[in-house]
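S.K.: One file: target.cif (mmCIF, C-alpha atoms).
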```cif
data_my_file
#
loop_
_atom_site.label_atom_id
_atom_site.label_comp_id
_atom_site.auth_asym_id
_atom_site.auth_seq_id
_atom_site.Cartn_x
_atom_site.Cartn_y
_atom_site.Cartn_z
CA MET Y 27 49.49 96.45 62.13
CA ILE Y 28 48.41 100.01 62.65
CA LEU Y 29 49.95 99.87 66.10
CA LYS Y 30 53.23 98.60 64.64
CA LEU Y 31 53.25 101.36 62.07
CA PHE Y 32 52.56 103.84 64.80
CA LEU Y 33 55.39 102.47 66.95
CA PHE Y 34 57.70 102.52 63.96
CA PHE Y 35 56.79 106.13 63.30
CA ILE Y 36 57.35 107.01 66.94
CA SER Y 37 60.75 105.34 67.06
CA VAL Y 38 61.82 107.02 63.83
CA SER Y 39 60.70 110.33 65.27
CA MET Y 40 62.54 109.60 68.49
CA SER Y 41 65.75 108.98 66.60
CA PHE Y 42 65.48 112.44 65.09
CA PHE Y 43 65.24 113.89 68.55
CA LEU Y 44 68.54 112.32 69.46
CA VAL Y 45 70.47 114.17 66.80
CA SER Y 46 70.54 117.90 66.46
CA CYS Y 47 72.24 118.31 63.12
CA ARG Y 48 71.09 116.98 59.80
CA ASP Y 49 73.14 117.09 56.67
CA LYS Y 50 70.32 116.79 54.24
CA ASP Y 51 68.17 119.86 54.06
CA ASN Y 52 65.31 118.07 52.44
CA TYR Y 53 65.17 115.59 55.24
CA MET Y 54 62.05 116.62 57.05
CA ASN Y 55 60.17 119.30 55.19
CA VAL Y 56 62.65 122.00 56.06
CA PRO Y 57 60.89 125.28 55.45
CA GLU Y 58 62.16 127.57 52.71
CA GLU Y 59 62.31 130.36 55.24
CA VAL Y 60 61.91 130.05 58.99
CA GLN Y 61 62.62 131.95 62.18
CA GLY Y 62 65.52 130.49 64.08
CA TYR Y 63 68.90 131.25 65.53
CA LYS Y 64 72.31 131.94 64.14
CA PRO Y 65 75.54 131.60 66.07
CA VAL Y 66 77.49 134.59 67.34
CA TYR Y 67 81.17 133.84 66.95
CA PHE Y 68 84.05 135.04 69.01
CA ASP Y 69 87.43 135.09 67.40
CA THR Y 70 89.68 133.98 70.23
CA SER Y 71 92.67 135.71 68.69
CA GLN Y 72 91.14 139.09 69.58
CA ASN Y 73 92.27 141.03 72.61
CA ILE Y 74 89.53 141.11 75.24
CA PHE Y 75 90.53 144.63 76.29
CA SER Y 76 89.52 145.95 72.88
CA LEU Y 77 86.15 144.23 73.08
CA VAL Y 78 85.00 145.69 76.39
CA TYR Y 79 83.92 149.31 76.02
CA SER Y 80 80.99 151.58 76.76
CA THR Y 81 78.73 153.07 74.13
CA ALA Y 82 75.74 155.38 74.11
CA PRO Y 83 72.62 153.72 75.55
CA MET Y 84 70.99 151.16 73.30
CA PRO Y 85 67.50 149.67 73.32
CA VAL Y 86 67.15 146.54 75.43
CA GLN Y 87 66.52 143.66 73.06
CA VAL Y 88 66.40 140.82 75.55
CA ALA Y 89 66.18 141.64 79.25
CA GLY Y 90 68.59 139.28 80.98
CA LYS Y 91 69.70 139.22 84.58
CA ILE Y 92 69.35 142.35 86.69
CA TYR Y 93 71.69 143.91 89.24
CA ILE Y 94 71.40 146.90 91.56
CA PHE Y 95 74.34 148.95 92.81
CA LYS Y 96 73.58 152.16 94.67
CA ASN Y 97 71.42 154.24 92.32
CA PHE Y 98 72.30 152.21 89.26
CA LEU Y 99 70.22 149.48 87.73
CA PHE Y 100 72.01 147.08 85.39
CA VAL Y 101 70.08 145.02 82.84
CA GLY Y 102 71.96 142.25 81.09
CA GLU Y 103 71.72 141.80 77.33
CA PRO Y 104 72.50 138.08 77.36
CA GLY Y 105 75.77 137.28 75.65
CA LYS Y 106 76.45 140.88 74.66
CA GLY Y 107 76.85 143.14 77.68
CA VAL Y 108 75.04 145.30 80.18
CA HIS Y 109 72.66 148.25 79.93
CA VAL Y 110 73.25 150.82 82.69
CA PHE Y 111 70.39 152.96 84.02
CA ASP Y 112 70.48 155.80 86.50
CA ASN Y 113 67.67 154.71 88.81
CA ILE Y 114 67.80 157.49 91.37
CA ASP Y 115 64.16 158.07 90.46
CA PRO Y 116 62.71 154.57 90.00
CA ALA Y 117 59.71 156.11 88.29
CA ASN Y 118 62.02 157.25 85.54
CA PRO Y 119 65.12 155.09 85.04
CA VAL Y 120 67.41 156.99 82.69
CA PRO Y 121 69.66 155.04 80.31
CA VAL Y 122 73.29 156.02 80.84
CA ALA Y 123 75.37 153.64 78.76
CA PHE Y 124 75.72 150.21 77.29
CA ILE Y 125 78.81 148.26 78.31
CA ASN Y 126 79.80 145.92 75.54
CA ILE Y 127 81.11 142.64 76.97
CA PRO Y 128 81.14 139.60 74.70
CA TYR Y 129 79.73 136.40 76.16
CA ASN Y 130 78.55 138.13 79.32
CA PHE Y 131 75.65 136.85 81.40
CA ASP Y 132 76.45 137.78 84.99
CA ILE Y 133 77.91 140.75 86.83
CA ALA Y 134 78.61 141.87 90.39
CA VAL Y 135 79.75 145.27 91.67
CA LYS Y 136 81.80 146.27 94.73
CA ASP Y 137 83.16 149.77 95.41
CA SER Y 138 82.27 150.87 91.84
CA ILE Y 139 84.29 148.00 90.40
CA MET Y 140 82.31 145.70 88.15
CA TYR Y 141 83.16 142.03 87.73
CA ALA Y 142 81.73 140.50 84.59
CA ASP Y 143 82.03 137.05 83.15
CA THR Y 144 83.20 136.77 79.59
CA TYR Y 145 84.66 134.12 77.37
CA MET Y 146 87.45 132.33 79.22
CA GLY Y 147 87.39 134.46 82.32
CA LEU Y 148 86.47 137.48 84.36
CA VAL Y 149 86.84 141.09 83.31
CA VAL Y 150 87.33 143.81 85.94
CA ILE Y 151 85.96 147.26 85.06
CA ASN Y 152 86.06 150.57 86.91
CA ILE Y 153 82.60 152.13 86.48
CA SER Y 154 83.01 155.02 88.93
CA ALA Y 155 82.90 157.53 86.05
CA ILE Y 156 80.14 155.85 84.04
CA PRO Y 157 79.45 156.37 81.12
CA ASP Y 158 83.23 156.33 80.91
CA ILE Y 159 84.69 153.02 81.95
CA GLN Y 160 88.16 151.66 82.47
CA VAL Y 161 88.98 148.02 81.88
CA LEU Y 162 91.40 147.19 84.66
CA GLN Y 163 92.08 143.51 84.35
CA PHE Y 164 91.22 140.31 82.60
CA ILE Y 165 91.59 137.25 84.76
CA LYS Y 166 91.79 134.21 82.60
CA SER Y 167 90.18 131.21 84.20
CA LEU Y 168 88.66 128.03 82.91
CA SER Y 169 87.62 127.75 79.34
CA ASN Y 170 83.98 127.84 78.54
CA SER Y 171 82.64 125.01 76.50
CA SER Y 172 81.66 126.08 73.06
CA THR Y 173 78.19 124.91 72.24
CA GLY Y 174 77.04 123.62 68.91
CA THR Y 175 73.37 124.22 69.57
CA PRO Y 176 71.42 127.36 70.43
CA PRO Y 177 70.14 127.98 73.93
CA LEU Y 178 66.66 126.76 74.60
CA PRO Y 179 64.15 128.98 76.37
CA GLY Y 180 65.18 129.27 79.98
CA GLU Y 181 68.78 128.43 79.31
CA ASN Y 182 71.49 130.98 79.96
CA THR Y 183 68.66 133.27 80.99
CA ILE Y 184 67.67 133.90 77.42
CA PHE Y 185 63.99 134.02 77.98
CA ASN Y 186 61.47 134.41 75.25
CA GLY Y 187 58.46 133.78 77.39
CA THR Y 188 57.41 130.88 75.26
CA ARG Y 189 55.54 128.28 77.11
CA ARG Y 190 57.08 124.88 76.52
CA ILE Y 191 57.31 124.82 72.78
CA SER Y 192 55.20 122.05 71.41
CA SER Y 193 55.94 122.51 67.74
CA GLY Y 194 58.97 120.29 68.16
CA LYS Y 195 61.83 122.00 66.34
CA ILE Y 196 64.07 124.98 66.80
CA TYR Y 197 66.01 125.68 63.62
CA PHE Y 198 69.47 127.17 63.63
CA GLU Y 199 72.36 127.87 61.35
CA CYS Y 200 74.86 125.04 61.73
CA VAL Y 201 78.01 126.01 63.59
CA ASP Y 202 81.16 126.56 61.56
CA PHE Y 203 83.88 126.16 64.15
CA SER Y 204 86.47 127.60 61.79
CA LYS Y 205 84.90 131.00 62.46
CA GLY Y 206 85.81 130.89 66.15
CA VAL Y 207 83.96 129.81 69.24
CA VAL Y 208 80.25 130.27 69.64
CA VAL Y 209 79.57 132.75 72.41
CA GLY Y 210 75.90 133.31 71.86
CA TRP Y 211 72.93 133.01 69.58
CA GLU Y 212 70.68 135.56 68.00
CA SER Y 213 67.32 135.34 66.33
CA ALA Y 214 67.44 135.31 62.58
CA THR Y 215 65.38 134.46 59.56
CA LEU Y 216 66.96 131.35 58.13
CA ARG Y 217 66.76 129.96 54.63
CA LYS Y 218 66.53 126.19 54.48
CA PRO Y 219 68.46 125.65 57.72
CA LYS Y 220 70.26 122.33 57.94
CA CYS Y 221 70.33 122.18 61.71
CA TYR Y 222 67.62 122.01 64.28
CA GLN Y 223 67.03 120.69 67.73
CA SER Y 224 63.94 119.24 69.15
CA THR Y 225 62.29 120.61 72.23
CA ASN Y 226 60.29 117.63 73.33
CA MET Z 19 37.35 160.92 113.46
CA ASN Z 20 40.40 162.15 111.55
CA LYS Z 21 42.67 161.06 114.38
CA ILE Z 22 41.22 157.59 114.26
CA LEU Z 23 41.78 157.48 110.52
CA ILE Z 24 45.40 158.60 110.85
CA PHE Z 25 45.97 156.09 113.60
CA PHE Z 26 44.49 153.37 111.44
CA VAL Z 27 46.71 154.27 108.50
CA LEU Z 28 49.79 154.27 110.71
CA PHE Z 29 48.73 150.93 112.10
CA LEU Z 30 48.50 149.57 108.59
CA PHE Z 31 52.06 150.68 107.88
CA THR Z 32 53.33 148.88 110.94
CA ILE Z 33 51.86 145.57 109.90
CA VAL Z 34 52.81 145.65 106.24
CA ALA Z 35 56.11 147.21 105.23
CA CYS Z 36 58.37 145.19 103.11
CA ASP Z 37 61.47 144.47 105.07
CA LYS Z 38 64.56 146.37 104.06
CA ASP Z 39 66.71 143.45 105.05
CA SER Z 40 65.31 141.30 102.35
CA SER Z 41 66.83 137.96 101.62
CA SER Z 42 67.21 138.66 98.00
CA PRO Z 43 70.50 136.98 97.27
CA ALA Z 44 72.94 139.72 97.39
CA SER Z 45 75.37 141.72 99.19
CA GLU Z 46 73.20 141.74 102.27
CA SER Z 47 74.97 138.64 103.40
CA GLY Z 48 78.24 140.46 103.07
CA MET Z 49 76.97 143.24 105.34
CA ASN Z 50 78.69 145.63 103.05
CA ASN Z 51 76.89 148.58 101.60
CA ASN Z 52 79.53 148.85 98.94
CA THR Z 53 78.39 145.74 97.16
CA GLY Z 54 75.33 145.50 94.97
CA SER Z 55 72.36 143.15 94.85
CA ALA Z 56 71.68 140.38 92.38
CA GLY Z 57 68.63 138.32 91.58
CA SER Z 58 68.24 134.68 92.53
CA MET Z 59 69.40 133.50 89.10
CA SER Z 60 72.86 134.96 89.60
CA LYS Z 61 76.07 132.97 89.31
CA PHE Z 62 77.98 135.62 91.31
CA THR Z 63 77.76 136.42 95.01
CA PHE Z 64 79.80 138.27 97.60
CA ASN Z 65 80.53 137.28 101.14
CA GLY Z 66 82.81 139.50 103.18
CA ASN Z 67 85.93 140.16 101.17
CA TYR Z 68 85.28 137.35 98.76
CA LEU Z 69 83.54 137.08 95.42
CA TYR Z 70 82.22 133.66 94.48
CA VAL Z 71 81.74 132.89 90.81
CA VAL Z 72 80.15 129.79 89.33
CA GLN Z 73 81.69 128.85 86.02
CA GLY Z 74 80.59 125.56 84.61
CA GLN Z 75 81.10 122.94 87.29
CA PHE Z 76 83.66 125.04 89.15
CA LEU Z 77 83.42 127.58 91.93
CA GLN Z 78 86.02 130.32 91.77
CA VAL Z 79 86.90 132.23 94.91
CA TYR Z 80 88.31 135.74 94.43
CA ASN Z 81 89.66 137.89 97.22
CA VAL Z 82 88.25 141.36 96.55
CA VAL Z 83 89.47 143.17 99.65
CA ASN Z 84 90.97 145.57 97.14
CA ALA Z 85 88.09 145.69 94.71
CA ALA Z 86 90.14 146.89 91.76
CA SER Z 87 92.67 144.08 92.16
CA PRO Z 88 90.79 140.83 92.67
CA VAL Z 89 92.96 137.80 93.25
CA LEU Z 90 91.80 134.32 92.26
CA LYS Z 91 92.47 132.37 95.44
CA ASN Z 92 90.78 129.07 94.88
CA THR Z 93 88.96 126.94 92.34
CA ILE Z 94 86.71 124.23 93.67
CA ASP Z 95 85.26 121.40 91.63
CA LEU Z 96 81.58 121.24 92.56
CA LYS Z 97 81.42 117.85 90.82
CA ASN Z 98 78.18 118.88 89.20
CA ASN Z 99 78.15 120.12 85.66
CA ALA Z 100 74.75 121.75 85.87
CA VAL Z 101 75.14 124.45 88.52
CA GLU Z 102 72.83 127.32 87.67
CA THR Z 103 72.71 129.67 90.65
CA ILE Z 104 74.54 130.63 93.84
CA PHE Z 105 73.15 132.15 97.04
CA SER Z 106 74.99 133.17 100.20
CA ASN Z 107 73.35 133.68 103.57
CA GLY Z 108 76.62 134.66 105.24
CA THR Z 109 77.42 131.29 106.74
CA ASN Z 110 76.79 128.99 103.81
CA LEU Z 111 76.72 128.92 100.04
CA PHE Z 112 73.70 127.34 98.37
CA PHE Z 113 73.93 126.22 94.78
CA GLY Z 114 70.88 125.59 92.60
CA THR Z 115 71.67 122.81 90.17
CA GLN Z 116 69.66 120.79 87.73
CA ASN Z 117 69.43 117.88 90.11
CA GLY Z 118 69.36 119.45 93.51
CA MET Z 119 70.79 121.92 95.96
CA LEU Z 120 74.41 121.84 97.09
CA ILE Z 121 75.38 123.35 100.45
CA TYR Z 122 78.92 124.50 101.23
CA GLY Z 123 80.19 125.97 104.49
CA LEU Z 124 81.98 129.31 104.74
CA SER Z 125 83.85 128.77 108.00
CA ASN Z 126 86.93 129.27 105.86
CA PRO Z 127 85.62 131.73 103.27
CA GLN Z 128 88.61 131.22 101.00
CA SER Z 129 88.00 127.50 100.90
CA PRO Z 130 84.28 126.66 101.15
CA ASP Z 131 83.77 123.08 102.30
CA TYR Z 132 81.18 120.66 101.00
CA LEU Z 133 78.42 119.90 103.52
CA SER Z 134 75.52 118.24 101.77
CA THR Z 135 73.40 117.71 98.70
CA TYR Z 136 69.64 117.84 98.60
CA THR Z 137 68.60 115.88 95.56
CA HIS Z 138 65.43 116.43 93.57
CA LEU Z 139 64.13 115.44 90.18
CA VAL Z 140 66.05 116.63 87.16
CA SER Z 141 64.83 120.14 86.80
CA CYS Z 142 66.07 123.70 86.51
CA ASP Z 143 66.39 126.65 88.85
CA PRO Z 144 67.35 128.57 91.90
CA VAL Z 145 67.35 128.57 95.67
CA VAL Z 146 66.84 131.37 98.19
CA VAL Z 147 67.31 131.03 101.93
CA SER Z 148 65.67 132.74 104.86
CA GLY Z 149 66.51 131.64 108.38
CA ASN Z 150 66.37 127.86 108.62
CA LEU Z 151 64.41 127.41 105.43
CA ALA Z 152 65.49 127.10 101.83
CA TYR Z 153 63.04 127.69 99.00
CA VAL Z 154 63.80 125.93 95.75
CA THR Z 155 61.85 126.28 92.55
CA LEU Z 156 61.88 123.52 89.99
CA SER Z 157 60.76 124.33 86.52
CA THR Z 158 60.68 122.49 83.27
CA GLY Z 159 62.97 124.39 81.02
CA THR Z 160 63.16 122.50 77.78
CA ARG Z 161 66.55 121.16 78.73
CA CYS Z 162 65.07 119.86 81.94
CA ASN Z 163 61.80 118.52 80.71
CA ARG Z 164 61.82 115.52 82.96
CA GLY Z 165 61.29 117.80 85.90
CA ASN Z 166 58.26 119.16 87.63
CA ASN Z 167 56.99 122.66 88.15
CA GLN Z 168 56.98 123.17 91.87
CA LEU Z 169 58.20 125.05 94.89
CA GLU Z 170 59.94 123.09 97.62
CA VAL Z 171 60.48 124.21 101.19
CA ILE Z 172 63.51 122.58 102.79
CA ASP Z 173 64.53 122.66 106.42
CA ILE Z 174 68.24 123.50 106.57
CA SER Z 175 68.60 123.89 110.34
CA ASP Z 176 71.06 121.03 109.99
CA VAL Z 177 73.00 122.06 106.89
CA ARG Z 178 74.54 118.61 106.73
CA ASN Z 179 71.12 117.05 106.48
CA PRO Z 180 68.57 119.17 104.60
CA VAL Z 181 65.03 117.82 104.94
CA LEU Z 182 62.09 118.45 102.62
CA LEU Z 183 59.20 119.97 104.55
CA ARG Z 184 56.65 120.47 101.85
CA THR Z 185 56.20 120.61 98.09
CA TYR Z 186 53.79 123.03 96.42
CA THR Z 187 52.76 122.06 92.94
CA SER Z 188 50.23 124.69 91.98
CA PHE Z 189 52.65 126.51 89.72
CA ASP Z 190 53.12 126.76 86.00
CA ASN Z 191 56.84 127.28 85.54
CA PRO Z 192 58.33 128.88 88.65
CA LYS Z 193 61.73 130.54 88.28
CA GLY Z 194 63.40 133.37 90.20
CA MET Z 195 62.39 134.35 93.72
CA ALA Z 196 63.03 136.94 96.39
CA ILE Z 197 62.04 136.90 100.05
CA SER Z 198 61.18 140.01 101.99
CA GLY Z 199 59.76 139.66 105.47
CA ASN Z 200 56.93 137.15 105.41
CA TYR Z 201 56.54 137.28 101.67
CA LEU Z 202 58.04 135.29 98.85
CA TYR Z 203 57.90 136.92 95.44
CA LEU Z 204 57.86 134.33 92.70
CA CYS Z 205 58.28 134.63 88.96
CA ASP Z 206 55.93 132.00 87.56
CA ALA Z 207 56.65 132.57 83.87
CA MET Z 208 53.50 132.73 81.76
CA GLU Z 209 51.30 132.59 84.85
CA GLY Z 210 52.60 135.94 86.01
CA PHE Z 211 54.34 137.36 89.04
CA LYS Z 212 53.07 135.99 92.35
CA VAL Z 213 53.03 137.18 95.94
CA LEU Z 214 53.08 134.34 98.47
CA ASP Z 215 52.60 134.63 102.22
CA ILE Z 216 55.19 132.32 103.78
CA THR Z 217 54.39 133.07 107.43
CA ASP Z 218 53.59 129.38 107.82
CA PRO Z 219 55.96 127.44 105.53
CA MET Z 220 53.71 124.41 105.84
CA ASP Z 221 50.79 126.40 104.54
CA ILE Z 222 52.06 128.93 102.02
CA GLN Z 223 49.26 131.13 100.73
CA GLU Z 224 49.13 132.65 97.27
CA LYS Z 225 47.97 136.21 97.92
CA SER Z 226 48.00 137.94 94.57
CA THR Z 227 49.26 137.79 91.01
CA LEU Z 228 50.37 140.29 88.41
CA PRO Z 229 49.23 138.22 85.44
CA SER Z 230 50.82 140.40 82.76
CA VAL Z 231 54.30 140.40 84.33
CA ILE Z 232 55.94 137.46 82.57
CA ALA Z 233 59.19 137.29 84.48
CA PHE Z 234 62.10 135.07 85.35
CA ASP Z 235 63.85 136.93 88.15
CA VAL Z 236 63.32 139.54 90.85
CA ILE Z 237 65.29 141.61 93.36
CA ALA Z 238 63.55 142.92 96.50
CA LYS Z 239 65.39 145.89 97.94
CA ASN Z 240 64.41 149.08 99.77
CA ASN Z 241 60.69 148.44 99.33
CA ILE Z 242 61.09 148.10 95.58
CA LEU Z 243 60.75 144.96 93.49
CA THR Z 244 62.82 144.99 90.33
CA ILE Z 245 61.52 142.31 88.01
CA THR Z 246 63.07 141.15 84.73
CA GLY Z 247 61.22 139.27 82.07
CA LYS Z 248 59.95 138.87 78.60
CA ASP Z 249 58.70 142.40 78.01
CA GLY Z 250 61.35 144.28 79.96
CA VAL Z 251 62.23 145.34 83.47
CA TYR Z 252 59.48 146.38 85.86
CA GLN Z 253 59.71 148.21 89.17
CA TYR Z 254 56.97 147.88 91.76
CA ASP Z 255 56.59 149.44 95.18
CA CYS Z 256 56.13 146.60 97.68
CA THR Z 257 55.65 148.72 100.81
CA ASP Z 258 52.34 146.89 101.01
CA PRO Z 259 53.06 143.41 99.61
CA LEU Z 260 49.36 142.80 99.22
CA ASN Z 261 48.98 145.84 97.06
CA LEU Z 262 51.95 146.18 94.75
CA LYS Z 263 52.13 149.55 93.06
CA PHE Z 264 53.54 149.94 89.56
CA ILE Z 265 56.42 152.43 89.40
CA SER Z 266 57.99 152.07 85.96
CA LYS Z 267 58.95 149.75 83.16
CA ILE Z 268 61.96 149.58 80.86
CA ASN Z 269 60.65 148.17 77.62
CA VAL Z 270 62.43 145.70 75.39
CA GLN Z 271 62.47 146.68 71.74
#
```
Would you write the structure of this file as structure tokens?
M.R.:
Amino acid sequence: MILKLFLFFISVSMSFFLVSCRDKDNYMNVPEEVQGYKPVYFDTSQNIFSLVYSTAPMPVQVAGKIYIFKNFLFVGEPGKGVHVFDNIDPANPVPVAFINIPYNFDIAVKDSIMYADTYMGLVVINISAIPDIQVLQFIKSLSNSSTGTPPLPGENTIFNGTRRISSGKIYFECVDFSKGVVVGWESATLRKPKCYQSTN
Amino acid sequence: MNKILIFFVLFLFTIVACDKDSSSPASESGMNNNTGSAGSMSKFTFNGNYLYVVQGQFLQVYNVVNAASPVLKNTIDLKNNAVETIFSNGTNLFFGTQNGMLIYGLSNPQSPDYLSTYTHLVSCDPVVVSGNLAYVTLSTGTRCNRGNNQLEVIDISDVRNPVLLRTYTSFDNPKGMAISGNYLYLCDAMEGFKVLDITDPMDIQEKSTLPSVIAFDVIAKNNILTITGKDGVYQYDCTDPLNLKFISKINVQ
């Protein structure tokens, strides 16, 4: 009997793992307030050229992929853009600029021309006069799939150093697709989130 | 006495020295100083006048002979919706996917041709290649939790028939890698950053660990390791791979 109850409990639990969104917020002891993720939307009606620009250096929040071109060290801010450092003295990398590129995870540089992935394609940027940049081209390619769930540790290089999470649930704000496509996720304090996904 | 000491120090430099021609996946394969270097987790790589970009299950081939005016020349369906990384050794492209390694030939760089698939358990992560050997890490990201945490050494002397030589399982959650000379630098997540002697691929030796460097990718270039991870971006001098020297760190905030 106990075994049956246990199996029943396990199978009920398993069924929760199969779905990532729950409509009822009181379903499984949803905390009043919990750390989780909220979606970053991209309004596809915007012009990509107006969204790619350089700003003064900003603190690195999440260190994504790295890239080296001549004396420059590039540190990705996953989903948001690239931090540029003058690394002529590796003992003292000096922040030069932040290049804002929505939905960017990867870059490559040839002859001071940067290629960066972004939503729906590749953006081509002249960085020869960094911190000033010039957006040369946007090459539209295949559409990215918009995700309805946040990245898990290790995915899309967003790395929080967490060893395989055993607590079971990652809460997130449910996606409202009327706001655009989801191009990334950021940490947030959520109030009674209705969505979560299970990690194990 | 002093002369002997100087001689000894010089001797030490000749046997250590982290090779400038590292196999960190990068421009090196393109033999072009005007291209940069990426880590092993990259989805972009150059080869000659071409830029290869992994997007979803597709490989896009751009002609970048005129860097400022790239031209999309080809889109190839890799028939695998879980491609995570790309590496070029100049003659082939190697893709790290969630279920194995794909090898494409570059005899026609504008139209890479499928050669083979090396299949492993469902797992995440990249591949780096040095000579006739490919090194693949498998790690259990949460999306890939059926996988194992291990390093595989694969003989690719016949790129149409890659053969597993040996599997090393003494790792926690291995991710990005870079090879320089006889050393493989491995980001082993919470277990730290590891230096492995790969002189004998059948008997890889773990030489040292930086336990506090929780990292997921590394570039080895010009005797410097650039390492990205949880707490920021580290640079270490690897002139002596057995005695990495801290240079600097860019903190995350």
S.K.: What would the selection look like, as a list in words, if the PyMOL selection byres ((chain Z and resi 188) around 10) were run on the coordinates I just shared?
M.R.: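 Evaluating the PyMOL selection byres ((chain Z and resi 188) around 10) on this file yields Asn167, Gln168, Leu169, Thr185, Tyr186, Thr187, Phe189, Asp190, Asn191, Pro192 and Glu224 of chain Z.
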S.K.: Please return, as a VMD selection string, all residues of chain Z lying within 6 Å of chain Y when all atoms listed in the file are considered.
M.R.: chain Z and resid 52 to 56 159 to 160 248 250 265 to 266 270 to 271
S.K.: Go through the shown structure with the PyMOL selection byres ((chain Z and resi 95-100) around 8) and write out the matching residues as a PyMOL selection string.
M.R.: chain Z and resi 74-77+93-94+101-102+115-117
S.K.: The PyMOL selection byres ((chain Z and resi 122-127) around 9) - which residues does that actually catch in the file I just gave you? List them as a ChimeraX atom specification.
M.R.: /Z:65-68,79,108-113,120-121,128-134,177
S.K.: In Å to one decimal, how far is atom CA of Y:Pro128 from atom CA of Z:Val72?
M.R.: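 Interatomic distance, atom CA of Z:Val72 to atom CA of Y:Pro128: 17.6 Å.
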S.K.: Would you mind reading off the distance between atom CA of Z:Val82 and atom CA of Y:Val161, one decimal, in Å?
M.R.: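 For atom CA of Z:Val82 relative to atom CA of Y:Val161, the distance reads 16.1 Å.
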S.K.: Hey, what's within 9 Å of Z:Gly210 if we count only C-alpha atoms and toss same-chain stuff fewer than 2 positions away? As number ranges by chain, please?
M.R.: Z: 204-208, 212, 227-233
S.K.: Go ahead and compute the interatomic distance for atom CA of Z:Leu202 and atom CA of Z:Lys263, in Å to one decimal.
M.R.: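 About the pair atom CA of Z:Leu202 and atom CA of Z:Lys263: they are 16.5 Å apart.
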S.K.: If you count only C-alpha atoms, which residues fall within 9 Å of Y:Glu212, apart from same-chain ones fewer than 6 positions away, as a list in words?
M.R.: Gly62, Tyr63, Lys64, Pro65, Val66 and Pro176 of chain Y
S.K.: Please determine, counting all atoms listed in the file, which residue among Y:Asn113, Y:Val108, Y:Phe75, Y:Arg217 has the shortest atom-to-atom distance to Z:Gln253.
M.R.: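 Looking only at the distances to Z:Gln253, the closest residue turns out to be Y:Asn113.
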S.K.: With all atoms listed in the file counted, which protein, DNA or RNA residues have an atom no more than 7 Å from (78.3, 145.8, 79.8) in the file frame? Please answer as a list in words.
M.R.: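 Selection result: Gly107, Val108, His109, Phe124, Ile125, Asn126 and Ile127 of chain Y.
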S.K.: Edge lengths and centre, in Å to one decimal, as lines of an AutoDock Vina configuration file: that's what I need for the box along x, y and z that holds all listed atoms of stretch 70-88 of chain Y plus 6 Å on each side.
M.R.:
```
center_x = 79.5
center_y = 144.7
center_z = 72.7
size_x = 38.3
size_y = 33.4
size_z = 20.1
```
